[in-house]
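Colleague: Structure incoming, see below.
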Amino acid sequence: MKTRYTLWLALAALAIGVRPALADIYSFRDERGVVHFTNIKGLDPRYKLIRRESPEPLPGTHSVARAYMPSQADIDRYEAIVETAARTYGVDEALVRAVISAESGYNPQAVSRAGARGLMQLMPETARRYGVRNSMDPVDNIYGGVKYLRDLIAMFRGNLELVVAAYNAGENAVIRYGFRIPPYTETLVYVPRVMDFYRKFQTRQG
């Protein structure tokens, strides 16, 4: 059975104007293979904490978004890995390429000042969550990054701008700002840049 995802949010608290202190993310997989997410602590004993963030994301979490298209040679070098990972986890190849282009410019040795590493600039916590043992290994890094994108797509119901914003600023930030792109300078530059790459790669796929 194809894995499905649901996200339960603290809508009641938002409706009465109560802002949660932190939007920690909890998850569990039920007997049907459905993965559930919530930001409500103690909702069900099966939920386990998978993501805890500070109230504001660290500046420079990722490398500065690249504005230029990577070379075709660099794209081709990792094409097979991207294609296989994207197909395995049901993520659009164009989106994976767009994120890699913006995050690292297809440099597998890229490291941000905050410690994000590799082609998809995985932070250590994200790498651990997705079982990435070596973020500098292209296969390990891409598979971890694609699994993260898969979960973000489910969490934000296919809204790619929010998915991309969450990849940069963290899913908690997107939730805290009412399911909108957080008003952080880096994120406001990053989202349209990734979406521009995405459209270009979609055109190439077509």
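Quick note on naming: the chains in the structure tokens go A, B, ... in the order shown, residues restart at 1 in each chain, and ligands are numbered from 1 in order of appearance.
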Would you kindly return, as an mmCIF file with N, CA and C atoms, in the first residue's frame, each protein, DNA or RNA residue with an atom no farther than 12 Å from any atom of Gln202 (chain A), considering only C-alpha atoms and excluding same-chain residues fewer than 3 positions away?

Modeller:
```
data_model
loop_
_atom_site.group_PDB
_atom_site.id
_atom_site.type_symbol
_atom_site.label_atom_id
_atom_site.label_comp_id
_atom_site.auth_asym_id
_atom_site.auth_seq_id
_atom_site.Cartn_x
_atom_site.Cartn_y
_atom_site.Cartn_z
ATOM 1 N N ASP A 92 9.101 14.830 -7.251
ATOM 2 C CA ASP A 92 9.422 15.308 -8.591
ATOM 3 C C ASP A 92 10.931 15.512 -8.725
ATOM 4 N N GLU A 93 11.523 14.894 -9.738
ATOM 5 C CA GLU A 93 12.961 15.036 -9.960
ATOM 6 C C GLU A 93 13.361 16.496 -10.104
ATOM 7 N N ALA A 94 12.518 17.289 -10.760
ATOM 8 C CA ALA A 94 12.838 18.700 -10.973
ATOM 9 C C ALA A 94 12.979 19.436 -9.646
ATOM 10 N N LEU A 95 12.174 19.067 -8.665
ATOM 11 C CA LEU A 95 12.274 19.713 -7.357
ATOM 12 C C LEU A 95 13.575 19.334 -6.665
ATOM 13 N N VAL A 96 13.959 18.081 -6.754
ATOM 14 C CA VAL A 96 15.220 17.647 -6.143
ATOM 15 C C VAL A 96 16.391 18.389 -6.780
ATOM 16 N N ARG A 97 16.399 18.471 -8.092
ATOM 17 C CA ARG A 97 17.481 19.182 -8.779
ATOM 18 C C ARG A 97 17.493 20.659 -8.394
ATOM 19 N N ALA A 98 16.311 21.244 -8.255
ATOM 20 C CA ALA A 98 16.223 22.657 -7.898
ATOM 21 C C ALA A 98 16.797 22.912 -6.512
ATOM 22 N N MET A 195 12.160 27.992 -6.713
ATOM 23 C CA MET A 195 11.024 27.826 -7.617
ATOM 24 C C MET A 195 11.406 28.165 -9.052
ATOM 25 N N ASP A 196 12.304 29.120 -9.243
ATOM 26 C CA ASP A 196 12.789 29.445 -10.587
ATOM 27 C C ASP A 196 13.588 28.275 -11.157
ATOM 28 N N PHE A 197 14.480 27.710 -10.335
ATOM 29 C CA PHE A 197 15.203 26.511 -10.757
ATOM 30 C C PHE A 197 14.216 25.394 -11.102
ATOM 31 N N TYR A 198 13.216 25.227 -10.265
ATOM 32 C CA TYR A 198 12.232 24.158 -10.447
ATOM 33 C C TYR A 198 11.542 24.272 -11.807
ATOM 34 N N ARG A 199 11.096 25.475 -12.141
ATOM 35 C CA ARG A 199 10.434 25.677 -13.423
ATOM 36 C C ARG A 199 11.369 25.375 -14.586
ATOM 37 N N GLN A 205 12.635 18.666 -18.410
ATOM 38 C CA GLN A 205 12.049 17.326 -18.354
ATOM 39 C C GLN A 205 11.003 17.154 -19.447
ATOM 40 N N GLY A 206 10.252 18.265 -19.701
ATOM 41 C CA GLY A 206 9.210 18.187 -20.716
ATOM 42 C C GLY A 206 9.779 18.027 -22.099
#
```

Colleague: When you draw a straight line from CA of Gly105 (chain A) to CA of Arg157 (chain A), how long is it in Å?

Modeller: 27.3 Å

Colleague: Select, from A:Ile81, A:Met123, A:Met136, A:Val91, the residue with the minimum atom-to-atom distance to Ala110 (chain A), counting only C-alpha atoms.

Modeller: A:Met136

Colleague: Can you work out which one of A:Asn134, A:Asn159, A:Thr185, A:Thr88 has the shortest atom-to-atom distance to Gln109 (chain A), counting only C-alpha atoms?

Modeller: A:Asn134

Colleague: Could you pull out the alpha helix (DSSP H) residues of region 78-181 of chain A from DSSP and send them as number ranges by chain?

Modeller: A: 79-89, 93-104, 124-129, 138-155, 160-169, 171-176

Colleague: Could those residues be written to a file, using C-alpha atoms, as a short mmCIF file (atom, residue, chain, number, x, y, z; two decimals), in the first residue's frame?

Modeller:
```
data_model
loop_
_atom_site.label_atom_id
_atom_site.label_comp_id
_atom_site.auth_asym_id
_atom_site.auth_seq_id
_atom_site.Cartn_x
_atom_site.Cartn_y
_atom_site.Cartn_z
CA GLU A 79 21.45 12.23 -12.49
CA ALA A 80 21.08 8.52 -11.80
CA ILE A 81 21.07 9.02 -8.03
CA VAL A 82 18.51 11.83 -8.22
CA GLU A 83 16.29 9.89 -10.60
CA THR A 84 16.30 6.73 -8.45
CA ALA A 85 15.78 8.55 -5.15
CA ALA A 86 12.99 10.73 -6.57
CA ARG A 87 11.20 7.72 -8.04
CA THR A 88 11.62 5.70 -4.84
CA TYR A 89 10.05 8.37 -2.64
CA GLU A 93 12.96 15.04 -9.96
CA ALA A 94 12.84 18.70 -10.97
CA LEU A 95 12.27 19.71 -7.36
CA VAL A 96 15.22 17.65 -6.14
CA ARG A 97 17.48 19.18 -8.78
CA ALA A 98 16.22 22.66 -7.90
CA VAL A 99 17.00 22.21 -4.21
CA ILE A 100 20.47 20.84 -4.94
CA SER A 101 21.15 23.74 -7.33
CA ALA A 102 20.15 26.35 -4.75
CA GLU A 103 21.69 24.65 -1.75
CA SER A 104 25.11 23.61 -2.96
CA PRO A 124 23.22 17.11 11.42
CA GLU A 125 19.83 16.71 13.13
CA THR A 126 18.07 16.17 9.80
CA ALA A 127 20.74 13.71 8.69
CA ARG A 128 20.27 11.69 11.88
CA ARG A 129 16.49 11.72 11.52
CA PRO A 138 26.27 11.93 -2.58
CA VAL A 139 24.06 8.83 -2.43
CA ASP A 140 23.49 9.06 1.32
CA ASN A 141 22.94 12.81 1.17
CA ILE A 142 20.50 12.81 -1.74
CA TYR A 143 18.42 9.95 -0.35
CA GLY A 144 18.18 11.71 3.01
CA GLY A 145 17.25 15.02 1.42
CA VAL A 146 14.62 13.45 -0.83
CA LYS A 147 13.02 11.64 2.11
CA TYR A 148 12.85 14.97 3.92
CA LEU A 149 11.21 16.61 0.89
CA ARG A 150 8.71 13.74 0.74
CA ASP A 151 7.67 14.36 4.32
CA LEU A 152 7.45 18.12 3.81
CA ILE A 153 5.27 17.64 0.73
CA ALA A 154 2.92 15.49 2.80
CA MET A 155 3.00 17.89 5.72
CA LEU A 160 5.71 23.58 -2.96
CA GLU A 161 6.45 27.14 -1.86
CA LEU A 162 5.78 26.14 1.74
CA VAL A 163 7.76 22.92 1.23
CA VAL A 164 10.75 24.91 0.00
CA ALA A 165 10.37 27.47 2.79
CA ALA A 166 10.29 24.67 5.35
CA TYR A 167 13.37 23.06 3.83
CA ASN A 168 15.21 26.34 4.39
CA ALA A 169 13.76 27.68 7.64
CA GLU A 171 8.77 23.23 9.21
CA ASN A 172 8.15 24.73 12.65
CA ALA A 173 8.77 28.22 11.32
CA VAL A 174 6.22 27.76 8.54
CA ILE A 175 3.65 26.51 11.06
CA ARG A 176 4.36 29.36 13.50
#
```

Colleague: If you measure from CA of Phe28 (chain A) to CA of Tyr47 (chain A), what distance in Å do you get, rounded to one decimal?

Modeller: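 These atoms are spaced 5.0 Å apart.
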
Colleague: Could you jot down the CA of Pro45 (chain A) to CA of Gly158 (chain A) separation for me, Å, one decimal place?

Modeller: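 Separation between CA of Pro45 (chain A) and CA of Gly158 (chain A): 27.8 Å.
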